[in-house]
Structures are given as structure tokens and as C-alpha cells.
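Peer 1: Dumping the structure here so I can ask a few things about it.
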Amino acid sequence: MELNGKFVAEIKILFMFDLNKPISSYLTEKSNITKLIIFTAAFALVFINFYSPFGVDSWMDITRWELLAYSSIVILTGVLVVVISRIVMYRYSRKKKLNYWQYMGWIAAEIFFMAVFYTWFEHIFMKGNKFVLDVFKITVQNTALVLLLPYSALWLYFSWQEKNQQLKELSKDEDKNDGSHMIPFPDEKGILRFSIKQEDLLYLEAADNYVLIHYLKNNKKTKYLLRNTLKRLEDILDDTGIIRCHRSFMVNFNKVNIMRREKDGLVLELEGTPSLDILVSKTYADQVLKTFAKYC
């Protein structure tokens, strides 16, 4: 595997900004470091048992459970490199900010030292006959996979988590000029695409991989097409009064004039001319009733 040039090029494309700028604070938060260590250890354990790198497949005359026990010891010992590295990183980051180049160098050092450990383990305990440098080259490749895959996944998750929190905080802020509550709508990548006063929002409608945002503009109904899903927006719009009432609909409960029970179930009548009826599915009926009790 050609990890050097390709890896740097992919990192540049991924960031698309100055690599000399300080890293995001979520990368050095204690809780996130703990999650990273646990997730990396779990991923490495699965990886070593299914992919069988580092000479694991040469262990003979042992049962599958014994293999799992041995590999767990090897992995947990190797992950100590990450534990020590991240403890040092956490303490260092309290005094001085790392930039992205330094952070990538730190990860490269983790790969190197963990590869050294696994090379030493295979050469000493597994009695390998391969040349040490050949073993080290293969071990670097496997170690890079063991670390970079979970690191990348968690980096994206932490980034999404931070953006989600920022959007929630933004949705709870009020416009100080007119006191209107603004509702932000990001796309599937977390980029803010549309924002509207809650008093003007009517309902959201699922449309394949898009969401139609129905709202009032100069007292006329209009709509905006957003590339996202109701599921993602449901998480973002928690505690805003915009609730899921159907697989295909979310409604602004402030715009509900009447809630009535018909033979097909609950129906929400939204204000407007003409008014609009939206059926409440059984899955979301309890949630709608709780919201109704809260707003009454």
C-alpha cells in the first residue's frame, strides 16, 4: 500500500483549509478521547480476528476462543500506545493548541510505534522467519488500517455531533431585533441552507432524499426544497415544537388550529386559507398527544 503521498493528498482534499490552523477542540476533549480509545480497541479486535494480520493465523492447535483471548491480549497491549499517546496529547493540549499538521504527525507517530510493537511481538513470540524490515512494512500497513479507519469514522462523528449541537443552540436563540424564533435547516452535510421564523413555518414533507419545507411568505403558502431527511431534521429540531406526526410529515405545532379524531385516526388541521389536514400515524400518536398536553 502506498500510504505516504496518497494519504497526504487525501488529507488535503478532506480538510480544504489551512492545515496550520488549530485543531477543533472536540478532538482533545476527555470524553471523546475515551470514546476513541474504546472504539479503536474494539475495531482492532474485530479486525485481527477476521483479517488475521500480524501472524495471528499461524497460531496452531488452539480453539477459536483461545485465539480470541490471545488476540485480545495482543490488541489491548498494542492499544496502550494509543492510550499513552492520547493522555500526553490531552495534557499537552491544555497548555498549547495543536494544529492539523501536528495532529497528523501525532497520528503517524502512533502508527509507527504501534507497528514497532507488533513487529517485535511477531518476531519474538511468533518466531517469524521473515526479514524484520519486511515484517515492519506489512505491519505498518495493517496498523494504519487499524487506526485510520476508526479515527476517520469518529472524526466525522465528532464533527457531526458538534455541528448538530451548534444548530440546536442556534435554533434556541431568538432574534433580538423582533423577538422571532429562527429555525435553521442544514442540508445532509450539515451546511446551513435555509432559516425561517418559526411563526412562518407550517410543516415539513418528505420527498425521497429531500424535504419540502412549507411556509408562509407574505401570507401565501410557498415551499423550499432541501436535500436532507426528516430523520436527521427530527434530531436537530428536538424541543422546538416541530414534531414528527407521520412517516412523511413534521408539523409546526404552533400552527395547529384543531386536532380531531376520525375513523382513520388523529387529524391535525393547520391554519391557512384553505386549511390543511395532516393525518397522524399510530406510530407518532402518543408523541402528538403529549405535545398537545404540553401546549395546552
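Labels for the C-alpha cells follow display order: chains A, B, ..., residues from 1 in each chain, ligands from 1.
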Give me the residues near region 103-118 of chain A as a ChimeraX atom specification, where near means some atom within 9 Å (using only C-alpha atoms) and where sequence neighbours in that chain fewer than 4 positions away do not count.
Peer 2: /A:11,23,54,74,77-82,85,89,98-99,122-123,136-144,146-148
Peer 1: Excluding same-chain residues fewer than 2 positions from region 219-236 of chain A, what lies within 9 Å of it counting only C-alpha atoms, as a tab-separated table (two decimals) with C-alpha atoms, in the first residue's frame?
Peer 2:
chain	number	residue	atom	x	y	z
A	164	ASN	CA	-25.64	19.34	15.44
A	165	GLN	CA	-25.15	20.94	18.85
A	167	LEU	CA	-27.56	24.08	15.20
A	168	LYS	CA	-29.61	23.21	18.28
A	171	SER	CA	-32.47	27.16	16.94
A	184	PRO	CA	-32.22	26.68	10.90
A	185	PHE	CA	-32.34	23.97	8.24
A	186	PRO	CA	-28.99	22.37	7.28
A	187	ASP	CA	-28.53	20.03	4.35
A	188	GLU	CA	-27.32	16.43	4.68
A	189	LYS	CA	-23.71	17.65	5.01
A	193	ARG	CA	-29.14	26.22	3.65
A	194	PHE	CA	-32.35	27.81	4.91
A	200	ASP	CA	-43.98	31.39	9.39
A	202	LEU	CA	-46.15	25.32	8.53
A	204	LEU	CA	-42.16	19.58	6.53
A	205	GLU	CA	-42.84	16.91	3.94
A	206	ALA	CA	-40.55	14.02	2.97
A	207	ALA	CA	-39.76	13.71	-0.74
A	208	ASP	CA	-37.33	10.82	-1.32
A	209	ASN	CA	-33.90	12.16	-0.31
A	210	TYR	CA	-35.27	15.68	0.02
A	211	VAL	CA	-37.55	17.57	2.38
A	212	LEU	CA	-40.11	20.13	1.27
A	213	ILE	CA	-40.31	22.99	3.76
A	214	HIS	CA	-43.79	24.52	3.56
A	215	TYR	CA	-44.03	28.04	4.95
A	216	LEU	CA	-45.83	31.36	4.66
A	217	LYS	CA	-44.38	34.24	2.69
A	238	ASP	CA	-35.89	18.45	19.10
A	239	ASP	CA	-37.63	20.68	21.70
A	242	ILE	CA	-41.81	20.99	15.37
A	243	ILE	CA	-42.73	17.34	15.78
A	244	ARG	CA	-42.95	14.19	13.71
A	247	ARG	CA	-43.56	8.97	8.27
A	248	SER	CA	-43.79	11.73	5.68
A	249	PHE	CA	-44.62	14.79	7.80
A	250	MET	CA	-43.41	17.00	10.60
A	272	GLY	CA	-54.24	28.80	6.47
A	273	THR	CA	-56.59	29.52	3.62
Peer 1: At a cut-off of 12 Å, using only C-alpha atoms, what residues contact Leu76 (chain A)? Leave out same-chain residues fewer than 4 positions from it and give the result as a ChimeraX atom specification.
Peer 2: /A:37-45,48,68-72,80-83,114,117-118
Peer 1: Using Å and a single decimal, report how far CA of Tyr284 (chain A) sits from CA of Ile258 (chain A).
Peer 2: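 These atoms are spaced 17.0 Å apart.
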Peer 1: Leaving out Asn257 (chain A) and any residue of its chain fewer than 6 positions from it, which residues lie within 10 Å of it when counting only C-alpha atoms, given as a list in words?
Peer 2: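 Close residues of Asn257 (chain A): Leu268, Glu269, Leu270, Glu271, Gly272, Ser275 and Leu276 of chain A.
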Peer 1: Please, which residues of region 31-268 of chain A, numbered as in this document, come out strand (DSSP E or B) from DSSP, as a VMD selection string?
Peer 2: chain A and resid 99 174 181 to 186 192 to 197 201 to 207 210 to 217 220 to 226 242 to 246 249 to 252 256 to 262 265 to 268
Peer 1: What would the file look like if the residues just selected were written as a PDB file, in the first residue's frame with C-alpha atoms?
Peer 2:
ATOM      1  CA  ASN A  99      -2.559  22.466  14.530  1.00  0.00           C
ATOM      2  CA  GLU A 174     -34.108  34.425  19.466  1.00  0.00           C
ATOM      3  CA  HIS A 181     -37.553  32.459  16.892  1.00  0.00           C
ATOM      4  CA  MET A 182     -35.449  31.396  13.920  1.00  0.00           C
ATOM      5  CA  ILE A 183     -35.355  27.765  12.803  1.00  0.00           C
ATOM      6  CA  PRO A 184     -32.217  26.683  10.901  1.00  0.00           C
ATOM      7  CA  PHE A 185     -32.337  23.970   8.241  1.00  0.00           C
ATOM      8  CA  PRO A 186     -28.992  22.370   7.280  1.00  0.00           C
ATOM      9  CA  LEU A 192     -26.965  25.731   6.748  1.00  0.00           C
ATOM     10  CA  ARG A 193     -29.135  26.225   3.655  1.00  0.00           C
ATOM     11  CA  PHE A 194     -32.346  27.811   4.911  1.00  0.00           C
ATOM     12  CA  SER A 195     -33.570  29.616   8.006  1.00  0.00           C
ATOM     13  CA  ILE A 196     -37.044  30.838   8.797  1.00  0.00           C
ATOM     14  CA  LYS A 197     -39.052  32.376  11.613  1.00  0.00           C
ATOM     15  CA  LEU A 201     -43.230  27.662   9.236  1.00  0.00           C
ATOM     16  CA  LEU A 202     -46.154  25.320   8.529  1.00  0.00           C
ATOM     17  CA  TYR A 203     -44.881  21.772   8.044  1.00  0.00           C
ATOM     18  CA  LEU A 204     -42.164  19.582   6.530  1.00  0.00           C
ATOM     19  CA  GLU A 205     -42.844  16.911   3.943  1.00  0.00           C
ATOM     20  CA  ALA A 206     -40.553  14.022   2.971  1.00  0.00           C
ATOM     21  CA  ALA A 207     -39.761  13.709  -0.742  1.00  0.00           C
ATOM     22  CA  TYR A 210     -35.273  15.679   0.024  1.00  0.00           C
ATOM     23  CA  VAL A 211     -37.545  17.572   2.377  1.00  0.00           C
ATOM     24  CA  LEU A 212     -40.113  20.133   1.271  1.00  0.00           C
ATOM     25  CA  ILE A 213     -40.305  22.990   3.763  1.00  0.00           C
ATOM     26  CA  HIS A 214     -43.795  24.524   3.564  1.00  0.00           C
ATOM     27  CA  TYR A 215     -44.031  28.044   4.950  1.00  0.00           C
ATOM     28  CA  LEU A 216     -45.834  31.361   4.657  1.00  0.00           C
ATOM     29  CA  LYS A 217     -44.382  34.241   2.688  1.00  0.00           C
ATOM     30  CA  LYS A 220     -49.074  32.977   0.886  1.00  0.00           C
ATOM     31  CA  LYS A 221     -48.072  29.328   1.056  1.00  0.00           C
ATOM     32  CA  THR A 222     -44.743  28.533  -0.569  1.00  0.00           C
ATOM     33  CA  LYS A 223     -42.082  25.850  -0.242  1.00  0.00           C
ATOM     34  CA  TYR A 224     -38.339  25.259  -0.258  1.00  0.00           C
ATOM     35  CA  LEU A 225     -36.638  22.039  -1.385  1.00  0.00           C
ATOM     36  CA  LEU A 226     -33.851  20.888   0.971  1.00  0.00           C
ATOM     37  CA  ILE A 242     -41.808  20.988  15.370  1.00  0.00           C
ATOM     38  CA  ILE A 243     -42.729  17.336  15.778  1.00  0.00           C
ATOM     39  CA  ARG A 244     -42.954  14.195  13.708  1.00  0.00           C
ATOM     40  CA  CYS A 245     -46.560  13.106  13.236  1.00  0.00           C
ATOM     41  CA  HIS A 246     -46.217  10.796  10.268  1.00  0.00           C
ATOM     42  CA  PHE A 249     -44.621  14.791   7.801  1.00  0.00           C
ATOM     43  CA  MET A 250     -43.412  17.004  10.601  1.00  0.00           C
ATOM     44  CA  VAL A 251     -45.638  19.878  11.716  1.00  0.00           C
ATOM     45  CA  ASN A 252     -45.110  23.166  13.499  1.00  0.00           C
ATOM     46  CA  VAL A 256     -52.195  23.524  14.589  1.00  0.00           C
ATOM     47  CA  ASN A 257     -55.683  25.021  14.960  1.00  0.00           C
ATOM     48  CA  ILE A 258     -57.664  21.832  15.513  1.00  0.00           C
ATOM     49  CA  MET A 259     -56.871  18.255  16.452  1.00  0.00           C
ATOM     50  CA  ARG A 260     -59.729  15.856  15.856  1.00  0.00           C
ATOM     51  CA  ARG A 261     -60.215  12.115  15.962  1.00  0.00           C
ATOM     52  CA  GLU A 262     -61.712  10.450  12.916  1.00  0.00           C
ATOM     53  CA  GLY A 265     -57.138   8.213  13.487  1.00  0.00           C
ATOM     54  CA  LEU A 266     -55.997  11.626  14.674  1.00  0.00           C
ATOM     55  CA  VAL A 267     -56.007  14.504  12.209  1.00  0.00           C
ATOM     56  CA  LEU A 268     -54.202  17.828  12.623  1.00  0.00           C
TER      57      LEU A 268
END
Peer 1: If you measure from CA of Leu19 (chain A) to CA of Thr34 (chain A), what distance in Å do you get, rounded to one decimal?
Peer 2: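 Result for CA of Leu19 (chain A) versus CA of Thr34 (chain A): 24.9 Å, one decimal.
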Peer 1: For the alpha helix (DSSP H) assignment from backbone DSSP, which residues of region 145-238 of chain A qualify? Please present them as a PyMOL selection string.
Peer 2: chain A and resi 145-172+230-236
Peer 1: For a test of reading the model, state the distance in Å between CA of Ser25 (chain A) and CA of Ser93 (chain A), rounded to one decimal.
Peer 2: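 Going from CA of Ser25 (chain A) over to CA of Ser93 (chain A), I get 9.0 Å.
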